[in-house]
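*Asks:* Take a look at this one; I'll ask things after.
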Amino acid sequence: MPFARLNRATTPTSHIGLGLAAVGRPGYITPHRDRDLPGDRGVEALRARTHELLDAAYAQGVRYFDAARSYGRAEEFLAEWLTARPDVTDVVIGSKWGYTYTADWRVDAETHEVKDHGPATFERQYAETTALLGDRLDLYQIHSVTADSPVLSDKGLHARLAELASGGTTLGFSASGPGQADAIRAALAVTVDGEPLFRTVQATYNALETSAGTALAEAHDAGLTVIVKEAMANGRLAGTEAPAVVREIGAEAGLDADAVALALVLRQPWAGVVLSGAVTVTQLAANLHAPLLDLDPDRLDRLSALVEEPEAYWRHRASLPWS
C-alpha cells in the first residue's frame with residue numbers, strides 16, 4: 001500500500017492531503033472564488049496557482065495529492081510539477097475515473113462534468129491518466145460510486161481493475177450523496193478471486209454530514225485507507241461562511257474556522273488522510289494548523305449540534321452554483 005509512506009512520516013501534516021478539484025479548472029462550487037483566484041482564470045494562471053500550492057504543501061509536510069479526470073487540467077498540472085521535481089519521491093499520488101470534464105474551460109457551462117462508469121470510459125480515462133502521470137500514479141479510484149452503480153456488479157471490469165492491482169496500482173473508490181454508507185458497504189463486498197478489490201475509500205465527512213462515519217470505521221477495520229473529502233463542506237465551514245460556533249472555537253485557540261473543521265475529522269480514529277481544498281497559500285497554511293487544535297469534550301459537544309440530516313445536506317450541496 002502506498003499509504004505506508006505516510007505512516008512512516010513524522011510531520012503532523014503528513015495525513016493532510018491536497019485536493020486539486022478547485023484549482024484544476026476555472027469553475028467550482030465553493031464560494032468567493034472571485035476573491036480567492038486571480039482575475040485571469042486562464043490555463044496558465046491556474047497552472048501557476050496549482051504549482052504554487054503544491055510547492056507550499058510539500059514544504060509544509062503534505063504528502064498526498066488528489067486529482068481526477070474531471071478536474072479540468074489537474075492531472076496535467078500535477079504531472080508537470082512532479083516532472084520538474086524528480087527528487088520528490090515520498091509523495092502518494094491519487095486520481096479518479098468515471099466523470100468526464102465537459103465545461104471547455106468555461107465557468108458558465110451548462111454541464112461541467114458527465115458521469116459514466118462503463119468499461120469504455122475506464123479504458124479511455126486510464127490511458128489519459130497514465131499518459132500524464134505514468135508510474136507516479138499510486139492510487140486509481142472510481143469516482144462517486146453509489147450503492148446501485150453498475151460498476152459494482154461488472155465482473156469484466158472488476159477483472160480488468162484487478163490487472164492494475166496486480167501491477168502495483170492501488171484501487172479505490174469515492175462515494176457521494178446521502179447513501180454514502182450503503183455505497184461503501186456494497187463496495188466492500190466486491191471481490192476478485194476471493195480477494196477484496198478496493199484498498200481505499202474516499203467519502204464526505206464533516207461537522208454537518210456525519211452519516212458515513214460508521215461505514216468508514218467498518219472500512220478502516222477491513223484494512224482500507226480512508227480518505228476524507230469536503231471536510232469543510234465546500235466552504236460552508238470556512239471563513240465567514242462558517243457557523244458561529246466553529247468561528248468561536250477557532251478564536252478561542254487563535255485559529256481560523258477551517259482548522260476547526262479539519263481538526264474534527266482528523267481526530268476520527270479511522271481517518272487516514274483528510275483533504276484540504278485550499279486555493280490560496282494562505283488558506284493552505286490555515287488548514288495545516290488543524291493538528292494543533294485540541295477538541296476537548298466541551299468543544300466536541302458544541303460542534304455536534306451542527307449535524308444535519310443527510311438528505312438536507314446533499315440537497316443544499318446540489319444547489320451550490322458553479323462560480
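By convention in this document, the chains of the C-alpha cells carry letters A, B, ... by their order, each chain's residues are numbered from 1, and ligands are numbered from 1 in the order they are shown.
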Residues near Pro31 of chain A, anyone? I mean within 9 Å using only C-alpha atoms, not counting same-chain ones fewer than 5 positions away, as a list of chain:residue names.

*Replies:* A:Asn234, A:Gly235, A:Arg236, A:Glu241, A:Leu320, A:Pro321, A:Trp322, A:Ser323

*Asks:* Would you give me, as JSON lines, each residue of segment 7-126 of chain A having an atom within 12 Å of an atom of segment 285-297 of chain A, along with its shortest atom pair and that distance in Å to one decimal, using only C-alpha atoms and sorting by chain and residue number?

*Replies:*
```
{"residue": "A:Thr11", "atom": "CA", "partner": "A:Pro291", "partner_atom": "CA", "distance": 10.0}
{"residue": "A:Pro12", "atom": "CA", "partner": "A:Pro291", "partner_atom": "CA", "distance": 6.3}
{"residue": "A:Thr13", "atom": "CA", "partner": "A:Leu288", "partner_atom": "CA", "distance": 6.3}
{"residue": "A:Ser14", "atom": "CA", "partner": "A:Leu288", "partner_atom": "CA", "distance": 9.7}
{"residue": "A:His15", "atom": "CA", "partner": "A:Pro291", "partner_atom": "CA", "distance": 9.5}
{"residue": "A:Ile16", "atom": "CA", "partner": "A:Leu288", "partner_atom": "CA", "distance": 7.5}
{"residue": "A:Gly17", "atom": "CA", "partner": "A:Leu288", "partner_atom": "CA", "distance": 9.8}
{"residue": "A:Leu18", "atom": "CA", "partner": "A:Asn287", "partner_atom": "CA", "distance": 10.2}
{"residue": "A:Leu53", "atom": "CA", "partner": "A:Ala285", "partner_atom": "CA", "distance": 10.1}
{"residue": "A:Ala56", "atom": "CA", "partner": "A:Ala285", "partner_atom": "CA", "distance": 8.4}
{"residue": "A:Ala57", "atom": "CA", "partner": "A:Ala285", "partner_atom": "CA", "distance": 8.3}
{"residue": "A:Tyr58", "atom": "CA", "partner": "A:Leu288", "partner_atom": "CA", "distance": 11.4}
{"residue": "A:Ala59", "atom": "CA", "partner": "A:Ala285", "partner_atom": "CA", "distance": 10.9}
{"residue": "A:Gln60", "atom": "CA", "partner": "A:Leu288", "partner_atom": "CA", "distance": 8.0}
{"residue": "A:Gly61", "atom": "CA", "partner": "A:Leu288", "partner_atom": "CA", "distance": 9.1}
{"residue": "A:Val62", "atom": "CA", "partner": "A:Leu288", "partner_atom": "CA", "distance": 8.7}
```

*Asks:* Please report as JSON lines every residue of segment 104-182 of chain A lying within 10 Å of segment 307-313 of chain A, along with the nearest atom pair and their distance in Å (one decimal), using only C-alpha atoms.

*Replies:*
```
{"residue": "A:Gly177", "atom": "CA", "partner": "A:Pro310", "partner_atom": "CA", "distance": 7.9}
{"residue": "A:Pro178", "atom": "CA", "partner": "A:Pro310", "partner_atom": "CA", "distance": 5.1}
{"residue": "A:Gly179", "atom": "CA", "partner": "A:Pro310", "partner_atom": "CA", "distance": 8.3}
{"residue": "A:Gln180", "atom": "CA", "partner": "A:Pro310", "partner_atom": "CA", "distance": 9.5}
```

*Asks:* Find the spatial neighbours of His117 of chain A, counting only C-alpha atoms, within a cut-off of 9 Å - ignore same-chain residues fewer than 6 positions away - and output them as an mmCIF file with C-alpha atoms, in the first residue's frame.

*Replies:*
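Final output, part_19.cif:
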```cif
data_model
loop_
_atom_site.group_PDB
_atom_site.id
_atom_site.type_symbol
_atom_site.label_atom_id
_atom_site.label_comp_id
_atom_site.auth_asym_id
_atom_site.auth_seq_id
_atom_site.Cartn_x
_atom_site.Cartn_y
_atom_site.Cartn_z
ATOM 1 C CA TRP A 97 -12.028 7.998 -13.338
ATOM 2 C CA GLY A 98 -15.746 7.982 -14.022
ATOM 3 C CA TYR A 99 -16.536 11.633 -14.754
ATOM 4 C CA ILE A 142 -13.724 5.062 -9.215
ATOM 5 C CA HIS A 143 -15.352 8.485 -8.904
ATOM 6 C CA VAL A 145 -19.806 5.194 -6.596
ATOM 7 C CA SER A 149 -23.946 1.697 -9.547
ATOM 8 C CA PRO A 150 -23.425 -0.948 -12.256
ATOM 9 C CA VAL A 151 -19.697 -0.644 -11.662
#
```

*Asks:* What lies within 10 Å of segment 195-197 of chain A using only C-alpha atoms, ignoring chain neighbours under 6 positions off, as a PyMOL selection string?

*Replies:* chain A and resi 158-159+161-162+165+170-172+187-189+222-224

*Asks:* Which residues are close to segment 254-271 of chain A, i.e. within 6 Å by only C-alpha atoms, leaving aside same-chain residues fewer than 3 positions away? Reply as a ChimeraX atom specification.

*Replies:* /A:217,220,226,231-232,238-239,246-247,250-251,287,289-290

*Asks:* May I ask which of the residues A:Leu139, A:Ala278, A:Leu37, A:Ala207 is the closest one to Leu306 of chain A, counting only C-alpha atoms?

*Replies:*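 Of the candidates, the smallest distance to Leu306 of chain A is held by A:Ala207.
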
*Asks:* Atom CA of Gly72 of chain A to atom CA of Arg33 of chain A: how many Å, to one decimal?

*Replies:*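 Spanning atom CA of Gly72 of chain A to atom CA of Arg33 of chain A is a straight-line distance of 16.0 Å.
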
*Asks:* What gap, in Å, lies between atom CA of Ser319 of chain A and atom CA of Thr30 of chain A?

*Replies:*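 Value for the atom CA of Ser319 of chain A-atom CA of Thr30 of chain A distance: 11.3 Å.
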
*Asks:* Using only C-alpha atoms, which of the listed residues (A:Arg299, A:Arg41, A:Lys115, A:His316) sits closest to Glu252 of chain A?

*Replies:*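 Selected residue with least distance to Glu252 of chain A: A:Arg299.
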
*Asks:* Go through segment 61-123 of chain A and collect every residue that DSSP, computed from the backbone, puts in alpha helix (DSSP H); the answer should be as number ranges by chain.

*Replies:* A: 74-84, 119-123

*Asks:* Need to verify the contact set: Glu52 of chain A, 10 Å, only C-alpha atoms, exclusion of same-chain residues closer than 3 positions in sequence. Can you return it as an MDAnalysis selection string?

*Replies:* chainID A and resid 46:49 55:57 81 279:281

*Asks:* Quick one: residues within 12 Å of Thr130 of chain A, only C-alpha atoms, excluding same-chain residues fewer than 2 positions away - as a ChimeraX atom specification?

*Replies:* /A:68-69,75-76,79,93-97,122-128,132-140,164,169

*Asks:* Keeping only N, CA and C atoms, write those residues as a PDB file, in the first residue's frame.

*Replies:*
```
ATOM      1  N   ALA A  68      -8.350  14.116 -10.427  1.00  0.00           N
ATOM      2  CA  ALA A  68      -9.357  13.314 -11.128  1.00  0.00           C
ATOM      3  C   ALA A  68      -9.391  13.747 -12.578  1.00  0.00           C
ATOM      4  N   ARG A  69      -9.872  12.861 -13.444  1.00  0.00           N
ATOM      5  CA  ARG A  69     -10.002  13.218 -14.851  1.00  0.00           C
ATOM      6  C   ARG A  69     -10.953  14.400 -15.024  1.00  0.00           C
ATOM      7  N   GLU A  75      -4.666  16.856 -13.437  1.00  0.00           N
ATOM      8  CA  GLU A  75      -3.651  15.823 -13.635  1.00  0.00           C
ATOM      9  C   GLU A  75      -2.454  16.380 -14.406  1.00  0.00           C
ATOM     10  N   GLU A  76      -2.734  17.173 -15.426  1.00  0.00           N
ATOM     11  CA  GLU A  76      -1.661  17.775 -16.219  1.00  0.00           C
ATOM     12  C   GLU A  76      -0.770  18.660 -15.358  1.00  0.00           C
ATOM     13  N   ALA A  79       1.243  16.509 -12.978  1.00  0.00           N
ATOM     14  CA  ALA A  79       2.299  15.777 -13.679  1.00  0.00           C
ATOM     15  C   ALA A  79       3.483  16.683 -13.988  1.00  0.00           C
ATOM     16  N   ILE A  93       0.309   9.721  -4.950  1.00  0.00           N
ATOM     17  CA  ILE A  93      -0.484  10.398  -5.967  1.00  0.00           C
ATOM     18  C   ILE A  93      -1.734   9.581  -6.268  1.00  0.00           C
ATOM     19  N   GLY A  94      -2.886  10.221  -6.152  1.00  0.00           N
ATOM     20  CA  GLY A  94      -4.145   9.556  -6.462  1.00  0.00           C
ATOM     21  C   GLY A  94      -4.924  10.311  -7.513  1.00  0.00           C
ATOM     22  N   SER A  95      -5.650   9.582  -8.338  1.00  0.00           N
ATOM     23  CA  SER A  95      -6.568  10.203  -9.277  1.00  0.00           C
ATOM     24  C   SER A  95      -7.818   9.330  -9.380  1.00  0.00           C
ATOM     25  N   LYS A  96      -8.767   9.774 -10.217  1.00  0.00           N
ATOM     26  CA  LYS A  96     -10.061   9.088 -10.312  1.00  0.00           C
ATOM     27  C   LYS A  96     -10.543   9.067 -11.752  1.00  0.00           C
ATOM     28  N   TRP A  97     -11.356   8.069 -12.044  1.00  0.00           N
ATOM     29  CA  TRP A  97     -12.028   7.998 -13.338  1.00  0.00           C
ATOM     30  C   TRP A  97     -13.517   7.830 -13.112  1.00  0.00           C
ATOM     31  N   PHE A 122     -13.630   3.783 -18.622  1.00  0.00           N
ATOM     32  CA  PHE A 122     -12.447   3.425 -17.845  1.00  0.00           C
ATOM     33  C   PHE A 122     -11.213   3.315 -18.725  1.00  0.00           C
ATOM     34  N   GLU A 123     -11.323   2.576 -19.819  1.00  0.00           N
ATOM     35  CA  GLU A 123     -10.151   2.368 -20.674  1.00  0.00           C
ATOM     36  C   GLU A 123      -9.644   3.696 -21.234  1.00  0.00           C
ATOM     37  N   ARG A 124     -10.563   4.542 -21.671  1.00  0.00           N
ATOM     38  CA  ARG A 124     -10.145   5.839 -22.213  1.00  0.00           C
ATOM     39  C   ARG A 124      -9.482   6.693 -21.147  1.00  0.00           C
ATOM     40  N   GLN A 125     -10.118   6.776 -19.982  1.00  0.00           N
ATOM     41  CA  GLN A 125      -9.594   7.674 -18.961  1.00  0.00           C
ATOM     42  C   GLN A 125      -8.327   7.125 -18.312  1.00  0.00           C
ATOM     43  N   TYR A 126      -8.220   5.824 -18.178  1.00  0.00           N
ATOM     44  CA  TYR A 126      -6.986   5.271 -17.634  1.00  0.00           C
ATOM     45  C   TYR A 126      -5.818   5.569 -18.570  1.00  0.00           C
ATOM     46  N   ALA A 127      -6.052   5.453 -19.872  1.00  0.00           N
ATOM     47  CA  ALA A 127      -4.998   5.789 -20.826  1.00  0.00           C
ATOM     48  C   ALA A 127      -4.624   7.266 -20.724  1.00  0.00           C
ATOM     49  N   GLU A 128      -5.618   8.134 -20.547  1.00  0.00           N
ATOM     50  CA  GLU A 128      -5.349   9.569 -20.421  1.00  0.00           C
ATOM     51  C   GLU A 128      -4.566   9.868 -19.142  1.00  0.00           C
ATOM     52  N   LEU A 132      -0.276  11.023 -18.624  1.00  0.00           N
ATOM     53  CA  LEU A 132       0.210  12.188 -17.881  1.00  0.00           C
ATOM     54  C   LEU A 132       1.053  11.791 -16.667  1.00  0.00           C
ATOM     55  N   LEU A 133       0.547  10.881 -15.862  1.00  0.00           N
ATOM     56  CA  LEU A 133       1.178  10.572 -14.578  1.00  0.00           C
ATOM     57  C   LEU A 133       2.098   9.359 -14.625  1.00  0.00           C
ATOM     58  N   GLY A 134       1.940   8.514 -15.623  1.00  0.00           N
ATOM     59  CA  GLY A 134       2.827   7.366 -15.767  1.00  0.00           C
ATOM     60  C   GLY A 134       2.917   6.530 -14.507  1.00  0.00           C
ATOM     61  N   ASP A 135       4.146   6.155 -14.154  1.00  0.00           N
ATOM     62  CA  ASP A 135       4.330   5.291 -12.981  1.00  0.00           C
ATOM     63  C   ASP A 135       4.272   6.059 -11.671  1.00  0.00           C
ATOM     64  N   ARG A 136       3.979   7.367 -11.724  1.00  0.00           N
ATOM     65  CA  ARG A 136       3.783   8.121 -10.481  1.00  0.00           C
ATOM     66  C   ARG A 136       2.378   7.929  -9.920  1.00  0.00           C
ATOM     67  N   LEU A 137       1.487   7.339 -10.699  1.00  0.00           N
ATOM     68  CA  LEU A 137       0.135   7.083 -10.219  1.00  0.00           C
ATOM     69  C   LEU A 137       0.158   5.927  -9.221  1.00  0.00           C
ATOM     70  N   ASP A 138      -0.163   6.219  -7.974  1.00  0.00           N
ATOM     71  CA  ASP A 138      -0.194   5.197  -6.923  1.00  0.00           C
ATOM     72  C   ASP A 138      -1.584   4.634  -6.712  1.00  0.00           C
ATOM     73  N   LEU A 139      -2.592   5.488  -6.821  1.00  0.00           N
ATOM     74  CA  LEU A 139      -3.963   5.134  -6.460  1.00  0.00           C
ATOM     75  C   LEU A 139      -4.906   5.571  -7.569  1.00  0.00           C
ATOM     76  N   TYR A 140      -5.721   4.635  -8.070  1.00  0.00           N
ATOM     77  CA  TYR A 140      -6.731   4.977  -9.073  1.00  0.00           C
ATOM     78  C   TYR A 140      -8.090   4.606  -8.507  1.00  0.00           C
ATOM     79  N   LEU A 164      -4.741  -4.151 -12.939  1.00  0.00           N
ATOM     80  CA  LEU A 164      -3.989  -2.973 -12.487  1.00  0.00           C
ATOM     81  C   LEU A 164      -3.411  -3.220 -11.097  1.00  0.00           C
ATOM     82  N   THR A 169      -0.770  -0.934  -8.888  1.00  0.00           N
ATOM     83  CA  THR A 169      -1.628   0.235  -8.666  1.00  0.00           C
ATOM     84  C   THR A 169      -2.672  -0.095  -7.614  1.00  0.00           C
TER      85      THR A 169
END
```

*Asks:* Which residue is closest to Val274 of chain A? Choose from A:Phe3, A:Tyr28, A:Phe173, A:Tyr64 and count only C-alpha atoms.

*Replies:*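 Ranking A:Phe3, A:Tyr28, A:Phe173, A:Tyr64 by distance to Val274 of chain A, first place goes to A:Tyr64.
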
*Asks:* Using only C-alpha atoms, which residue out of A:Val273, A:Val190, A:Val43, A:Leu208 lies closest to Leu157 of chain A?

*Replies:* A:Val190

*Asks:* Rank nothing, just name the residue among A:Ile29, A:Ala305, A:Ala203, A:Ala21 nearest to Ala318 of chain A, using only C-alpha atoms.

*Replies:* A:Ile29

*Asks:* Any idea what the distance is between atom CA of Val228 of chain A and atom CA of Ser174 of chain A?

*Replies:*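 Interatomic distance, atom CA of Val228 of chain A to atom CA of Ser174 of chain A: 9.4 Å.
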